[in-house]
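> The structure that follows is given in the form of C-alpha cells.
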Amino acid sequence: MGIDRILLQFMRVYSEQDSLVLLLNTTAAEQEYFTEQLRMEGVTHLPRIVTSDVQNTERYNVYTEGGVLFVTSRILVVDFLTDRIPAHLISGILVYRAHKIIESCQEAFILRLFRQKNKTGFIKAFTDKATAFSSGFCQVERVMRNLFVKKLYLWPRFQASVNTALDRHKPEVVELHVSLTPAMRAIQSSILDIMSACLKELKRYNPSLEAEDLSLENTLGNAFEKTIRHYLDPLWHQLGAKTKALVQDLKVLRVLLLYLTQYDCVTFLNLLESLRSSQKIFGSNSGWLFLDSSTSMFVNARGRVYRIPENKKKLKVGAEAEKQKSSSALEVKRELVLEKSPKWEALTEVLQEIERENKSSQHEPGHVLICASDDRTCAQLQQYIRHSSDWLLNRLYARTIGKRDSAAAAAAAFELDSQKKGKGRPQKGPKGKEPAQKKNTKSTKSKKRPSLTLTQMVGKEETDEVVVMGSSGDEDELMEEDEEEEEQLKLDISSDAYYGVLKEPLTVIHPLKGLTDPHSLTRVLHEVEPSFVVLYDAELSFVRQLEIYKASRPGKPLRVYFLIYGGSTEEQKYLTALSKEKKAFEHLIREKATMVIPEEREGREDTNLDLARNLEPANATTNTRKAGGQDQPKEPSRVIVDMREFRSELPSLLHRRGLDIDPVTLEVGDYILTPDTCVERKSVSDLIGSLQNGRLYTQCLSMTRYYRKPVLLIEFDPAKPFSLMARSDFRHEISSNDISSKLTLLTLHFPRLRILWCPSPHATADLFLDLKQGRSEPDAAAAQAVTAESDMVAESAALYNPGPYDFLLKMPGVNAKNYRALIKNADSLADLAKLSQDKLAEILGNVNNAKLLYEFLHNVADVPAPVQKAKQT
C-alpha cells in the first residue's frame, strides 16, 4: 500500500546537510529507485551509498556531510564499534522491511549500538507484509522490541480514512469471469483429486503434521512449500523415501495446475508427456501416475490438442487386419483440435472494446497496459495479439508434438528441456511449419531473447533478429515496417516490458513476477500513463498499486479489466491471498489492543533492559571475604573479531552478553578470546568445503604455531539435520576421502587442536563467556601482527621453535604426553643427545620409551657409504 511513497517523503525531509539519517535494509535496485525519484522531485542533497569501496579514512567525512545515507550493515556495525561514525550527530534511522528484524540480525545490532550511544535520535520502521506477523508467538511485539519503537501504526485497506481516500477516486473495474472449457475443468478436478490423495498419504505416513495447514486450499497458495519445509526440515533425514516422493509430487502437481490456467493446451500437454517420458520423475513418483484421475487427465489433455478420427480406429477383421495394422500406424492422421485458451478470446474482446472507445472519444487515444504473471505468458500474448491464436498454436504444435511424431520418442525430453531453458518463448517464423523446413526451426529456436538494456531504448523486439532467418520475403517487409514504427517510440523504460505490440493505441505487455528491477512496474505506470489496464493474471499487490496510482491522479480516467477463470484454482488462490491479508491485519489489530508496551521501550533512558549488557544472573553470589563484598572495579572483557565475521550473528550476541568487540582484520583465526586462545569458526558446509580443498589444514597449522590453545568451532543448526556420513556409508575399510576420516586425521595431526560443536550462535556466545572466565584479555595489536607468513612472533618465540619441535615429536618413544617434560630438561636436540638412559627414563616416566629414544640417538647405524664414481677427466 504505497510504502515506498511514505518512505520517500521522509527521505525528502531529511535530504539536507543539517541532518544525518541512515536507511537500513535496502537492496541496490531500491537504492537506485529512491535516488532517481528524489532527483526527479528536485532534491539537491541526494542520498549517498556507503559500501566497502569508500575507504575507512573517507567514511568519517561522508558521515559529517549529512543527508540520507544507504550504508551496508557490516560497515555500520564496524563503524559504530570503532566510533568512526559520529553517533551523537545522527538524527535518526529509517528501517525498510521491518518484518525481517530479528534479535540476532545485523540491523538489530546496529539499532542497539545506536541507542546505547544516542538517546535522542528517532527510529522509524516500515513494512507492507502484514502476513509476516501472523505466524509465531507475539511476533509483532518481538520485532518492535528489537526496533526500539513504542508505537504501532496499522493502515489496512479497510481502515476508514484509507477507504474513503481510495473510494473517492476509484478506478472503474470490469471483472470478467471467464469460464474454463469442459476439458480444462475435467483436468483441474483430476489434479485436485490426485493432490488430495497425496495429502492423505502424507498425513498417514507423518501423523505429526498439522492437519489445518495441509488443507487442499492451502496447497494452492504460494506459501505452501514454505509451510511444508517448516514441518519436515528438522526430520528430513529420518523421512522415508515415500514421504520425500510425495512432497516432490505435490510440487509437480502444483506446477501442473499453474500451467493449466497459465499457458496454452500444447505447452500443458508437453509438460504432461515429459512427466511420463522422463525416467527420473516416472521412477520416483509415488504412484499418482497410475490413478484413474491421472489417466483421465492425460486423455483430456490430448483431447484439447488433437483427436484421432473414429473410422481410423476400427480395423477390419481377418487376414487383412495385420496388413491394416502396419499401414495404419503410418496412415493415422491426427485431426488438430488446438483448443484456444478462453482468456485469449476475452482479451480480444477487451482490446476491441478499448479500440472502439478510443475512436469514439474526443481525447487522444488512451494507452493500454496488459499485465501477465511471467515472461513466458507475456511473450505468448504478444504473439497472439500480433498474429492469431491459430498461428501461435500451430507453430507450437509443429515445433513440439508434430516434430516428435516424426522423430524418435527420445527427442521429447530434449525438446521440452530446451523449451524450458528458453522459457518456451515462441519465436516468429513462417506459418505452418513442415518437417522439411527443420533447419529454420532449429535456428530460430536456439536464439534466446537478448536482454534489452535501457540504452537500447525500446523498439527492438526480441524476435526481430531471429525472423530474418528462413522466412518469406513479405514477412520481412512487414517486420521492417514494424521496426520503423517502433523507432518513433523512444520510451526510456525497463527491459522487462514488451513494447509496440500495437501502435494505435500504444499497448505495453509487462510481467508481474521475475523482474530484473522490482520497481519496473511502477516506472511503466508513470511513463506510459495507461488509461486502460488489463490484468490477465490476478496479483494482489499490483491491484493495491493501481488503486493508489488512480487516487494520486484524480482527474485522469483509469479502467481496469480483471480477467479470471471463474470457479478455478486461480480464483481460489486470489481469494485466499485476499482473506489472508485481511486476517493478518485483524490479528495485528487484536494484538495491538492487548499489547503491553513498557514506558522505556524506546531506550531513551538507561532503564531499558534490552540495552543493558553483561547482566549478572539473579543468583550470582558476591565474595564477602574480599573487602567485605564491595564491588571490585572490573576491566571490561574483550574479544577480537575478524572483520569478515560481521556477516554472522555471533558478534551481535557476544556484545549483548557484555563483551567489548574489537573489529580487526585477522589473518590467523576468526576470534581471539585470550592471548592463548584462538578460534576458527566453521559452519558444516564450510567445514566440508575447507576439508576437501585443504584450506583447513593450513589454518590449523597457523593456529597451532602461534597460539597455545587453538580451537575449531563447528556451528550447526539443530533444526537442519546433517550427518558427516550417510547411514548406508559405513564400510569395512576406511577411505581417506570420507569427511569423518579427514576430521580424524586433523585431530591426530594437531593434538592440541580442540574441536567444539555448537548447536547455535547463542550457545557459542555462552561458551565464549565460559572460556574467557578468569583469563587475561587479548591484545588487538599482537593479534593483528600474527600472519601466516611471519616466521616467529614475540609471543610464540617463548613457546617453541617449530622445526626442532616437529622433529622431536617424530622420534621413537616421544609422544604428545611426554614431550613437554623433555623440552623443560633439554634446551636443544644437542642437549638431548647428552642425557643418559636413566635420566631419560626419569624424565619420560617410562623405561621402554627411554630405551627406544636412547637407542635411536646413540646406536651406530650400519649404513654403507655411497660409492662415488670417479669423475672422468
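Residue numbering restarts at 1 in every chain; chains get A, B, ... in the order shown in the C-alpha cells, and ligands count up from 1 in that same order.
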DSSP on the backbone, then: every residue of segment 65-118 of chain A marked strand (DSSP E or B), written as a list in words.
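Assigned to strand (DSSP E or B), within segment 65-118 of chain A: Gly67, Val68, Leu69, Phe70, Val71, Gly92, Ile93, Leu94 and Val95 of chain A.
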> For Ile714 of chain A, work out the shell of residues within 6 Å, counting only C-alpha atoms and skipping chain neighbours fewer than 5 positions away, then give it as an MDAnalysis selection string.
chainID A and resid 682:683 757
> Nearest to Ile688 of chain A among A:Leu235, A:Ile739, A:Leu659, A:Leu23, with distances taken over only C-alpha atoms: which residue is it?
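Checking each of A:Leu235, A:Ile739, A:Leu659, A:Leu23 against Ile688 of chain A, counting only C-alpha atoms, the winner is A:Ile739.
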> Which is closer to Thr82 of chain A than all the others in A:Tyr60, A:Ser293, A:Thr267, A:Ile589, using only C-alpha atoms?
A:Tyr60
> Name the residues in contact with Thr243 of chain A at a cut-off of 10 Å, using only C-alpha atoms, excluding same-chain residues fewer than 4 positions from it; report them as a list in words.
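That gives Cys198, Glu201, Leu202, Lys203, Arg204, Tyr205, Asn206, Leu232, Trp236, Leu239, Val247, Gln248, Asp249 and Ser286 of chain A.
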> Mind giving me the straight-line distance from atom CA of Ser702 of chain A to atom CA of Ser690 of chain A in Å, one decimal?
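If I compute the distance from atom CA of Ser702 of chain A to atom CA of Ser690 of chain A, I get 14.7 Å.
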> Neighbouring residues of Asp606 of chain A were defined as those with any atom within 12 Å, considering only C-alpha atoms; residues of the same chain fewer than 6 positions away were excluded. Please report them as a PyMOL selection string.
chain A and resi 115-119+599-600+612-613
> Using only C-alpha atoms, find the one residue out of A:Gln188, A:Leu506, A:Val596, A:Ile194 that sits nearest to Gly287 of chain A.
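Ranking A:Gln188, A:Leu506, A:Val596, A:Ile194 by distance to Gly287 of chain A, first place goes to A:Ile194.
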> Would you kindly return, as a PyMOL selection string, each protein, DNA or RNA residue with an atom no farther than 8 Å from any atom of Ala551 of chain A, considering only C-alpha atoms and excluding same-chain residues fewer than 4 positions away?
chain A and resi 165-166+168-170+547
> Would you mind exporting all heavy atoms of the selected residues as a compact mmCIF listing (two decimals), in the first residue's frame?

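Wrote it out as again-v5.txt, contents follow:
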```
# COMPACT_ATOMS: atom_id res chain seq x y z
N ALA A 165 -10.37 7.70 1.18
CA ALA A 165 -9.44 8.33 0.22
C ALA A 165 -9.41 7.57 -1.09
O ALA A 165 -9.44 8.17 -2.17
CB ALA A 165 -8.04 8.39 0.83
N LEU A 166 -9.37 6.24 -1.01
CA LEU A 166 -9.28 5.44 -2.23
C LEU A 166 -10.63 5.35 -2.94
O LEU A 166 -10.69 5.27 -4.16
CB LEU A 166 -8.74 4.04 -1.93
CG LEU A 166 -7.28 3.97 -1.49
CD1 LEU A 166 -6.87 2.52 -1.25
CD2 LEU A 166 -6.33 4.58 -2.50
N ARG A 168 -12.89 7.64 -3.05
CA ARG A 168 -13.24 8.92 -3.68
C ARG A 168 -12.82 8.90 -5.16
O ARG A 168 -13.47 9.47 -6.00
CB ARG A 168 -12.53 10.05 -2.93
CG ARG A 168 -13.21 11.39 -3.12
CD ARG A 168 -12.55 12.46 -2.30
NE ARG A 168 -12.50 12.13 -0.88
CZ ARG A 168 -11.45 12.39 -0.09
NH1 ARG A 168 -10.37 12.93 -0.59
NH2 ARG A 168 -11.49 12.10 1.19
N HIS A 169 -11.68 8.26 -5.44
CA HIS A 169 -11.20 8.20 -6.83
C HIS A 169 -10.98 6.73 -7.20
O HIS A 169 -9.86 6.28 -7.33
CB HIS A 169 -9.89 8.97 -6.97
CG HIS A 169 -9.96 10.35 -6.44
ND1 HIS A 169 -10.68 11.35 -7.05
CD2 HIS A 169 -9.41 10.90 -5.32
CE1 HIS A 169 -10.57 12.46 -6.35
NE2 HIS A 169 -9.81 12.21 -5.29
N LYS A 170 -12.10 6.04 -7.32
CA LYS A 170 -11.99 4.61 -7.61
C LYS A 170 -11.71 4.41 -9.09
O LYS A 170 -12.31 5.07 -9.92
CB LYS A 170 -13.32 3.93 -7.29
CG LYS A 170 -13.30 3.05 -6.07
CD LYS A 170 -14.61 2.35 -5.99
CE LYS A 170 -14.65 1.38 -4.82
NZ LYS A 170 -16.00 0.91 -4.59
N GLU A 547 -4.78 1.02 -7.29
CA GLU A 547 -5.70 1.87 -6.53
C GLU A 547 -5.00 3.18 -6.14
O GLU A 547 -5.57 4.26 -6.24
CB GLU A 547 -6.16 1.14 -5.26
CG GLU A 547 -7.14 0.02 -5.54
CD GLU A 547 -7.72 -0.57 -4.26
OE1 GLU A 547 -6.94 -1.07 -3.42
OE2 GLU A 547 -8.94 -0.50 -4.09
```
> Quick one: residues within 7 Å of Glu680 of chain A, only C-alpha atoms, excluding same-chain residues fewer than 5 positions away - as a list in words?
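The residues satisfying every condition are Gly669, Asp670, Tyr671, Val711, Leu712 and Leu713 of chain A.
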> Take the residues that were just selected and, keeping C-alpha atoms, output them as a PDB file, in the first residue's frame.

```pdb
ATOM      1  CA  GLY A 669      41.754 -17.297  13.327  1.00  0.00           C
ATOM      2  CA  ASP A 670      38.343 -15.607  13.472  1.00  0.00           C
ATOM      3  CA  TYR A 671      38.017 -14.829  17.189  1.00  0.00           C
ATOM      4  CA  VAL A 711      40.060 -24.149  18.790  1.00  0.00           C
ATOM      5  CA  LEU A 712      37.990 -25.266  15.816  1.00  0.00           C
ATOM      6  CA  LEU A 713      34.370 -24.291  16.410  1.00  0.00           C
TER       7      LEU A 713
END
```
> Set the distance at 12 Å and use only C-alpha atoms: which residues neighbour Asp770 of chain A once local chain neighbours fewer than 4 positions away are removed? I'd like the list as a ChimeraX atom specification.
/A:637,654,657,659,673-674,763-766,774-775
